[in-house]
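> Pasting start-v8.csv below, which is CSV, C-alpha atoms and all ligand atoms.
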```csv
chain,number,residue,atom,x,y,z
A,1,MET,CA,0.0,0.0,0.0
A,2,ALA,CA,2.7,2.4,1.0
A,3,THR,CA,4.6,1.4,-2.2
A,4,MET,CA,1.5,2.2,-4.3
A,5,MET,CA,1.1,5.6,-2.5
A,6,LEU,CA,4.7,6.4,-3.2
A,7,ALA,CA,4.3,5.5,-6.8
A,8,ALA,CA,1.2,7.7,-7.1
A,9,ILE,CA,3.0,10.7,-5.5
A,10,PHE,CA,5.9,10.1,-7.9
A,11,VAL,CA,3.5,10.2,-10.9
A,12,VAL,CA,1.8,13.4,-9.6
A,13,LEU,CA,5.2,15.0,-9.0
A,14,SER,CA,6.3,14.0,-12.5
A,15,LEU,CA,3.2,15.4,-14.0
A,16,ILE,CA,3.7,18.7,-12.2
A,17,ALA,CA,7.3,18.8,-13.2
A,18,THR,CA,6.3,18.1,-16.8
A,19,ARG,CA,3.6,20.8,-16.9
A,20,GLY,CA,6.0,23.2,-15.4
A,21,SER,CA,8.6,22.5,-18.1
A,22,VAL,CA,5.9,22.8,-20.8
A,23,ALA,CA,4.7,26.1,-19.2
A,24,GLN,CA,8.2,27.4,-19.0
A,25,PHE,CA,9.0,26.8,-22.7
A,26,PRO,CA,6.9,29.6,-24.2
A,27,VAL,CA,8.0,32.0,-21.4
A,28,GLN,CA,11.6,31.4,-22.2
A,29,GLY,CA,11.0,31.4,-26.0
A,30,LEU,CA,8.6,34.4,-26.1
A,31,GLN,CA,11.2,37.2,-26.0
A,32,PRO,CA,13.0,36.1,-29.2
A,33,LEU,CA,9.7,35.7,-30.9
A,34,GLN,CA,8.5,39.1,-29.8
A,35,ASP,CA,11.8,40.6,-31.0
A,36,GLN,CA,11.4,38.8,-34.3
A,37,CYS,CA,7.8,39.9,-34.6
A,38,ALA,CA,8.7,43.6,-33.9
A,39,HIS,CA,11.5,43.4,-36.4
A,40,LEU,CA,9.1,42.0,-39.1
A,41,GLN,CA,6.6,44.7,-38.2
A,42,GLU,CA,9.2,47.3,-38.6
A,43,GLU,CA,10.3,45.9,-41.9
A,44,ASN,CA,6.7,45.7,-43.1
A,45,SER,CA,6.1,49.3,-42.0
A,46,HIS,CA,9.2,50.4,-43.8
A,47,LEU,CA,8.2,48.4,-46.9
A,48,THR,CA,4.6,49.8,-46.8
A,49,GLY,CA,6.0,53.4,-46.5
A,50,THR,CA,8.4,52.7,-49.5
A,51,LEU,CA,5.5,51.2,-51.5
A,52,ASP,CA,3.3,54.3,-50.7
A,53,GLN,CA,6.2,56.6,-51.9
A,54,LEU,CA,6.7,54.5,-55.0
A,55,GLU,CA,3.0,54.6,-55.8
A,56,SER,CA,2.9,58.4,-55.3
A,57,CYS,CA,5.9,58.7,-57.5
A,58,VAL,CA,4.5,56.4,-60.2
A,59,GLN,CA,1.2,58.2,-60.2
A,60,GLY,CA,2.9,61.6,-60.3
A,61,CYS,CA,5.2,60.5,-63.1
A,62,LEU,CA,2.2,59.2,-65.1
A,63,ARG,CA,0.5,62.6,-64.7
A,64,ASN,CA,3.7,64.4,-65.7
A,65,SER,CA,4.0,62.3,-68.8
A,66,PHE,CA,0.7,63.6,-70.2
A,67,PHE,CA,2.0,67.0,-71.0
A,68,HIS,CA,3.8,66.3,-74.3
A,69,GLN,CA,0.8,66.4,-76.7
A,70,THR,CA,-0.4,70.0,-76.3
A,71,ASP,CA,-0.8,72.5,-79.1
A,72,CYS,CA,-1.0,75.3,-76.6
A,73,GLU,CA,1.9,77.5,-75.5
A,74,PRO,CA,5.0,75.6,-74.5
A,75,GLY,CA,5.2,74.5,-70.9
A,76,ILE,CA,1.6,75.1,-70.1
A,77,LEU,CA,0.0,72.4,-67.9
A,78,ALA,CA,-3.6,73.6,-68.0
A,79,TYR,CA,-5.5,76.6,-69.3
A,80,TYR,CA,-9.0,77.6,-68.1
A,81,PRO,CA,-10.3,80.5,-70.2
A,82,LEU,CA,-13.6,80.3,-68.3
A,83,ASP,CA,-15.4,81.9,-71.3
A,84,ASN,CA,-18.2,79.4,-71.7
A,85,ASP,CA,-17.2,76.4,-69.6
A,86,PHE,CA,-14.8,75.1,-66.9
A,87,LYS,CA,-12.7,73.1,-69.2
A,88,ASP,CA,-8.9,73.0,-69.6
A,89,HIS,CA,-8.5,74.0,-73.2
A,90,CYS,CA,-5.0,72.6,-73.5
A,91,ASN,CA,-4.7,69.2,-72.0
A,92,ALA,CA,-8.3,68.4,-71.1
A,93,PHE,CA,-7.8,68.4,-67.3
A,94,HIS,CA,-11.2,69.8,-66.8
A,95,ALA,CA,-12.4,71.6,-63.7
A,96,THR,CA,-15.5,70.4,-61.9
A,97,PRO,CA,-17.8,73.0,-60.4
A,98,GLN,CA,-19.0,72.5,-56.9
A,99,GLY,CA,-21.6,74.7,-55.3
A,100,GLY,CA,-22.3,78.3,-56.3
A,101,VAL,CA,-20.1,78.9,-59.4
A,102,SER,CA,-21.2,79.9,-62.9
A,103,ILE,CA,-20.0,81.5,-66.1
A,104,ASP,CA,-20.7,85.2,-66.2
A,105,HIS,CA,-20.7,87.2,-69.5
A,106,ALA,CA,-21.8,90.5,-68.1
A,107,THR,CA,-18.5,91.7,-66.9
A,108,GLY,CA,-16.3,91.7,-70.0
A,109,GLN,CA,-16.0,90.8,-73.6
A,110,ASN,CA,-15.5,87.1,-72.8
A,111,GLY,CA,-16.8,85.2,-69.9
A,112,ALA,CA,-15.4,84.7,-66.4
A,113,ALA,CA,-16.2,82.4,-63.5
A,114,ARG,CA,-18.5,84.0,-60.9
A,115,PHE,CA,-18.2,82.7,-57.4
A,116,ASP,CA,-21.0,83.5,-54.9
A,117,GLY,CA,-19.1,82.5,-51.8
A,118,THR,CA,-20.4,78.9,-51.6
A,119,GLY,CA,-18.7,77.4,-54.6
A,120,LYS,CA,-15.4,76.4,-56.2
A,121,LEU,CA,-13.8,74.7,-59.1
A,122,VAL,CA,-11.8,71.5,-58.5
A,123,VAL,CA,-9.3,69.7,-60.7
A,124,ASP,CA,-8.6,66.3,-59.3
A,125,PHE,CA,-6.1,65.4,-62.0
A,126,PHE,CA,-3.4,67.3,-60.2
A,127,ARG,CA,-3.5,65.1,-57.1
A,128,LEU,CA,0.0,63.8,-56.4
A,129,TYR,CA,1.4,65.9,-59.3
A,130,GLN,CA,5.1,66.4,-59.1
A,131,TRP,CA,5.4,70.2,-59.3
A,132,GLY,CA,9.1,70.1,-59.3
A,133,THR,CA,11.4,73.2,-59.6
A,134,ALA,CA,9.8,75.0,-62.5
A,135,PHE,CA,6.3,76.4,-61.8
A,136,SER,CA,4.1,79.4,-62.7
A,137,ILE,CA,0.5,80.3,-62.1
A,138,SER,CA,-1.4,83.2,-63.8
A,139,VAL,CA,-4.8,84.4,-62.8
A,140,TRP,CA,-7.2,87.4,-63.1
A,141,PHE,CA,-9.6,88.1,-60.2
A,142,LYS,CA,-12.0,90.7,-58.9
A,143,ARG,CA,-13.3,90.5,-55.4
A,144,THR,CA,-16.8,91.8,-54.8
A,145,GLY,CA,-17.9,90.5,-51.4
A,146,GLY,CA,-17.4,88.0,-48.6
A,147,PHE,CA,-15.0,90.5,-47.0
A,148,THR,CA,-15.2,89.0,-43.5
A,149,THR,CA,-13.4,85.9,-44.4
A,150,TYR,CA,-10.1,84.9,-45.9
A,151,SER,CA,-10.7,83.9,-49.5
A,152,GLY,CA,-8.7,81.4,-51.6
A,153,ILE,CA,-8.2,82.4,-55.2
A,154,VAL,CA,-6.3,79.4,-56.5
A,155,ASN,CA,-4.2,76.7,-54.8
A,156,ASN,CA,-3.7,73.0,-54.4
A,157,GLY,CA,-4.6,73.0,-50.7
A,158,TYR,CA,-4.8,75.0,-47.5
A,159,HIS,CA,-1.7,76.6,-46.1
A,160,THR,CA,0.6,73.9,-44.8
A,161,THR,CA,-1.4,71.0,-46.3
A,162,GLY,CA,-1.2,72.2,-49.9
A,163,SER,CA,1.9,73.1,-51.8
A,164,TRP,CA,1.2,76.5,-53.4
A,165,GLU,CA,-1.6,79.1,-53.1
A,166,ILE,CA,-2.8,82.6,-53.7
A,167,ARG,CA,-5.2,83.9,-51.1
A,168,MET,CA,-6.9,87.1,-49.9
A,169,GLY,CA,-7.3,88.4,-46.3
A,170,ARG,CA,-10.3,89.6,-44.4
A,171,SER,CA,-11.7,92.8,-43.0
A,172,GLY,CA,-10.6,93.6,-39.5
A,173,SER,CA,-7.5,91.5,-39.8
A,174,THR,CA,-4.3,93.2,-38.7
A,175,TYR,CA,-2.2,90.8,-40.8
A,176,LEU,CA,-4.0,90.8,-44.1
A,177,THR,CA,-7.0,92.9,-44.9
A,178,HIS,CA,-9.8,92.0,-47.4
A,179,GLU,CA,-8.1,94.3,-49.9
A,180,GLU,CA,-4.7,92.6,-49.5
A,181,PHE,CA,-3.5,89.2,-50.6
A,182,GLY,CA,-0.4,87.0,-50.7
A,183,CYS,CA,1.0,83.8,-52.0
A,184,GLY,CA,3.6,81.1,-51.4
A,185,VAL,CA,4.9,77.6,-52.1
A,186,VAL,CA,5.7,74.7,-49.8
A,187,THR,CA,9.0,73.0,-50.1
A,188,ALA,CA,11.1,70.7,-47.8
A,189,ASN,CA,12.6,73.8,-46.2
A,190,SER,CA,9.5,76.0,-46.2
A,191,PRO,CA,6.4,74.4,-44.7
A,192,ALA,CA,3.9,77.2,-45.1
A,193,THR,CA,2.6,79.4,-47.9
A,194,TRP,CA,2.7,83.1,-46.8
A,195,ASP,CA,5.9,84.0,-48.5
A,196,PHE,CA,4.4,87.2,-49.9
A,197,SER,CA,1.6,89.0,-47.9
A,198,SER,CA,-0.1,92.3,-47.5
A,199,VAL,CA,0.0,93.0,-51.3
A,200,ASP,CA,-2.7,95.5,-52.3
A,201,ALA,CA,-5.7,94.3,-54.3
A,202,PRO,CA,-8.6,96.8,-54.0
A,203,SER,CA,-12.1,95.3,-54.2
A,204,HIS,CA,-14.4,95.6,-57.2
A,205,THR,CA,-11.3,96.0,-59.5
A,206,TRP,CA,-9.7,93.4,-61.8
A,207,HIS,CA,-6.1,92.4,-60.9
A,208,HIS,CA,-3.7,90.1,-62.6
A,209,ALA,CA,-1.4,87.9,-60.4
A,210,VAL,CA,1.5,85.7,-61.4
A,211,MET,CA,3.6,83.6,-59.1
A,212,THR,CA,6.7,81.9,-60.4
A,213,TYR,CA,9.2,79.5,-58.8
A,214,ASP,CA,12.5,78.2,-60.2
A,215,GLY,CA,13.7,76.0,-57.4
A,216,PHE,CA,15.6,78.8,-55.7
A,217,ARG,CA,13.6,82.0,-56.0
A,218,LEU,CA,9.9,82.8,-55.6
A,219,SER,CA,8.5,85.8,-57.5
A,220,PHE,CA,5.1,87.5,-57.4
A,221,TYR,CA,3.8,89.9,-60.0
A,222,VAL,CA,0.7,91.9,-59.5
A,223,ASN,CA,-0.6,93.9,-62.5
A,224,ASN,CA,2.8,93.4,-64.1
A,225,GLU,CA,4.7,94.9,-61.1
A,226,PRO,CA,7.1,92.7,-59.2
A,227,GLN,CA,6.3,92.6,-55.5
A,228,HIS,CA,8.6,92.5,-52.5
A,229,GLY,CA,8.3,89.5,-50.2
A,230,ASN,CA,10.4,86.5,-49.0
A,231,GLU,CA,11.8,85.7,-52.4
A,232,ASN,CA,14.4,83.5,-50.9
A,233,CYS,CA,12.0,81.5,-48.8
A,234,CYS,CA,12.3,78.2,-50.5
A,235,SER,CA,14.6,75.8,-52.4
A,236,GLY,CA,14.1,72.4,-54.0
A,237,PRO,CA,11.0,70.9,-55.5
A,238,ILE,CA,7.5,72.1,-54.6
A,239,LEU,CA,6.1,69.2,-52.6
A,240,ALA,CA,3.6,66.8,-54.2
A,241,ARG,CA,0.3,66.5,-52.4
A,242,ASN,CA,-2.7,64.2,-52.7
A,243,THR,CA,-4.9,67.3,-53.0
A,244,PRO,CA,-6.7,68.8,-56.1
A,245,VAL,CA,-6.1,72.2,-57.6
A,246,THR,CA,-8.9,74.4,-56.3
A,247,ILE,CA,-10.1,77.7,-57.7
A,248,GLY,CA,-12.4,79.9,-55.5
A,249,GLN,CA,-11.7,78.4,-52.1
A,250,ALA,CA,-8.6,78.0,-49.8
A,251,GLY,CA,-8.3,74.3,-50.4
A,252,PRO,CA,-11.2,72.6,-48.5
A,253,GLY,CA,-11.0,75.5,-45.9
A,254,THR,CA,-11.0,74.7,-42.2
A,255,VAL,CA,-13.7,73.9,-39.7
A,256,GLY,CA,-15.9,77.0,-39.3
A,257,ASN,CA,-13.8,78.9,-42.0
A,258,PRO,CA,-14.5,77.6,-45.5
A,259,GLU,CA,-12.7,80.6,-47.0
A,260,PHE,CA,-14.6,80.7,-50.2
A,261,PHE,CA,-14.1,83.5,-52.8
A,262,THR,CA,-16.8,85.9,-53.7
A,263,GLY,CA,-16.4,87.7,-57.1
A,264,LEU,CA,-14.9,86.8,-60.4
A,265,ILE,CA,-11.9,84.8,-61.4
A,266,ASP,CA,-10.7,84.5,-65.0
A,267,ASP,CA,-8.1,83.1,-67.3
A,268,VAL,CA,-6.3,80.6,-65.0
A,269,ARG,CA,-3.1,79.2,-66.4
A,270,LEU,CA,-0.8,76.6,-64.8
A,271,TYR,CA,2.7,76.2,-66.1
A,272,GLY,CA,5.5,73.7,-65.6
A,273,LYS,CA,8.0,76.4,-66.4
A,274,VAL,CA,9.1,79.8,-65.1
A,275,LEU,CA,7.4,82.6,-67.0
A,276,SER,CA,9.7,85.3,-68.2
A,277,THR,CA,9.0,89.0,-67.4
A,278,GLU,CA,8.1,89.4,-71.1
A,279,GLU,CA,5.6,86.5,-71.0
A,280,ILE,CA,4.1,88.0,-67.8
A,281,ALA,CA,3.8,91.4,-69.5
A,282,ALA,CA,2.1,89.8,-72.5
A,283,LEU,CA,-0.4,88.0,-70.2
A,284,TYR,CA,-1.1,91.3,-68.5
A,285,SER,CA,-1.5,93.3,-71.6
A,286,ARG,CA,-4.3,91.1,-72.9
A,287,GLY,CA,-6.3,92.9,-70.2
A,288,ALA,CA,-9.0,92.1,-67.7
A,289,GLY,CA,-12.2,90.7,-69.1
A,290,MET,CA,-10.7,90.3,-72.5
A,291,ASN,CA,-9.3,86.8,-71.9
B,1,CA,CA,-12.4,84.3,-69.7
```
Take the structure in the file and give it back as structure tokens.


Amino acid sequence: MATMMLAAIFVVLSLIATRGSVAQFPVQGLQPLQDQCAHLQEENSHLTGTLDQLESCVQGCLRNSFFHQTDCEPGILAYYPLDNDFKDHCNAFHATPQGGVSIDHATGQNGAARFDGTGKLVVDFFRLYQWGTAFSISVWFKRTGGFTTYSGIVNNGYHTTGSWEIRMGRSGSTYLTHEEFGCGVVTANSPATWDFSSVDAPSHTWHHAVMTYDGFRLSFYVNNEPQHGNENCCSGPILARNTPVTIGQAGPGTVGNPEFFTGLIDDVRLYGKVLSTEEIAALYSRGAGMN
């Protein structure tokens, strides 16, 4: 009997010992596995980031490759005459109207886009576009209302989240009034867009604005006059963003501040080159409302 009891105790002790050793195995082996897992997760994260970058680059490069078939002026990316429609008359990267925007023929020989403070034009084609180190934008505008809010004229996003913009101020602002405006680009060394500000643009009057960037120098011309600002703000490529080109609002605006434009915008031209002073003068001389 005693022998049987001893045998039973031995069996129980053996089982406990065995369970203990089984239980200890994963505890001892867990740390290397966790390390391995963390390493794999890190590699996966790195790979995912690389693939995202690659995808953006490929999409951007595909977009850039479209611009070799145009019969328009050399270097132009898109041209919106806004005479009878919202189409790009060079490369067919048409703008889509959203909200209160229409073509107005009452204000000049040819049409212009009228914005009632609730609408905009959006060009999704330029999402992820590689803007590079040669860029110009030309636009005519006449502000007629909505003076209590900042107002985007043309851009590809809001302030730090886009990569270039031209925007007007608001009444009561000590920084930028509703009859002043500014512009800027976003590069790796310049994360925000107010490189030029407090440039005069009286209401109810047509103005011509051109911003150019050559990878080193940012220039801003208003009514064919070069403006003074932070010309040496930026260097390197303008950042690519997954945001559309927007006309008539400061990107998507911000919560409580949509920053729509009220008035007329006309003859919007985007270039993948730096306009010369002669080219800027020629654009200006065509005149407001005549384009
Ligand atoms: Ca027009």

> Within 6 Å of ligand CA 1 (chain B), counting all atoms listed in the file: which residues, as a compact mmCIF listing (two decimals) with C-alpha atoms, keeping the file's coordinate frame?


```txt
# COMPACT_ATOMS: atom_id res chain seq x y z
CA PRO A 81 -10.30 80.50 -70.20
CA LEU A 82 -13.60 80.30 -68.30
CA ASP A 83 -15.40 81.90 -71.30
CA ASN A 110 -15.50 87.10 -72.80
CA GLY A 111 -16.80 85.20 -69.90
CA ALA A 112 -15.40 84.70 -66.40
CA ASP A 266 -10.70 84.50 -65.00
CA ASP A 267 -8.10 83.10 -67.30
CA ASN A 291 -9.30 86.80 -71.90
```

> Write out as a count of residues only which residues come within 9 Å of segment 223-229 of chain A when counting only C-alpha atoms, dropping same-chain ones fewer than 6 positions away.

14

> Which residues come within 12 Å of Leu239 of chain A, counting all atoms listed in the file, excluding same-chain residues fewer than 2 positions away, as an MDAnalysis selection string?

chainID A and resid 56:57 60 127:133 135 156:157 160:164 185:193 215 234:237 241:243

> To one decimal in Å, tell me the separation between atom CA of Arg167 of chain A and atom CA of Thr262 of chain A.

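Interatomic distance, atom CA of Arg167 of chain A to atom CA of Thr262 of chain A: 12.1 Å.
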
> With distances taken over all atoms listed in the file, which of A:Thr149, A:Ser219, A:Ser138, A:Gln98 is nearest to Val123 of chain A?

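Comparing A:Thr149, A:Ser219, A:Ser138, A:Gln98 against Val123 of chain A, the winner is A:Gln98.
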
> Please measure the separation of atom CA of Arg217 of chain A and atom CA of Ala282 of chain A, giving the value in Å to one decimal.

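Calculated distance between atom CA of Arg217 of chain A and atom CA of Ala282 of chain A is 21.6 Å.
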
> Provide the atom CA of Gly272 of chain A to atom CA of His94 of chain A distance in Å, to one decimal place.

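A separation of 17.2 Å between them.
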
> Which residues are near Phe261 of chain A? Cut-off 9 Å, only C-alpha atoms, ignore same chain within fewer than 2 positions. Put them as number ranges by chain.

A: 115-120, 143-146, 149-153, 168, 247-250, 259, 263-265

> For the residues in the current selection, export C-alpha atoms as a short mmCIF file (atom, residue, chain, number, x, y, z; two decimals), in the coordinates of the input.


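Writing the result to out_37.cif gives the following:
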```cif
data_model
loop_
_atom_site.label_atom_id
_atom_site.label_comp_id
_atom_site.auth_asym_id
_atom_site.auth_seq_id
_atom_site.Cartn_x
_atom_site.Cartn_y
_atom_site.Cartn_z
CA PHE A 115 -18.20 82.70 -57.40
CA ASP A 116 -21.00 83.50 -54.90
CA GLY A 117 -19.10 82.50 -51.80
CA THR A 118 -20.40 78.90 -51.60
CA GLY A 119 -18.70 77.40 -54.60
CA LYS A 120 -15.40 76.40 -56.20
CA ARG A 143 -13.30 90.50 -55.40
CA THR A 144 -16.80 91.80 -54.80
CA GLY A 145 -17.90 90.50 -51.40
CA GLY A 146 -17.40 88.00 -48.60
CA THR A 149 -13.40 85.90 -44.40
CA TYR A 150 -10.10 84.90 -45.90
CA SER A 151 -10.70 83.90 -49.50
CA GLY A 152 -8.70 81.40 -51.60
CA ILE A 153 -8.20 82.40 -55.20
CA MET A 168 -6.90 87.10 -49.90
CA ILE A 247 -10.10 77.70 -57.70
CA GLY A 248 -12.40 79.90 -55.50
CA GLN A 249 -11.70 78.40 -52.10
CA ALA A 250 -8.60 78.00 -49.80
CA GLU A 259 -12.70 80.60 -47.00
CA GLY A 263 -16.40 87.70 -57.10
CA LEU A 264 -14.90 86.80 -60.40
CA ILE A 265 -11.90 84.80 -61.40
#
```

> What's the 9 Å shell around Tyr175 of chain A, counting all atoms listed in the file, without same-chain residues fewer than 5 positions away, as an MDAnalysis selection string?

chainID A and resid 169:170 197:198

> Box time for segment 103-115 of chain A: axis-aligned, enclosing all its listed atoms, 3 Å extra on each side; report centre and edge lengths in Å to one decimal, as AutoDock Vina command-line options.


```
--center_x -18.6 --center_y 86.6 --center_z -65.5 --size_x 12.4 --size_y 16.2 --size_z 22.2
```

> Rank A:Ala106, A:Asp35, A:Cys183, A:Ile76 by their smallest atom-to-atom distance to Asn91 of chain A, using all atoms listed in the file, and report the top residue only.

A:Ile76
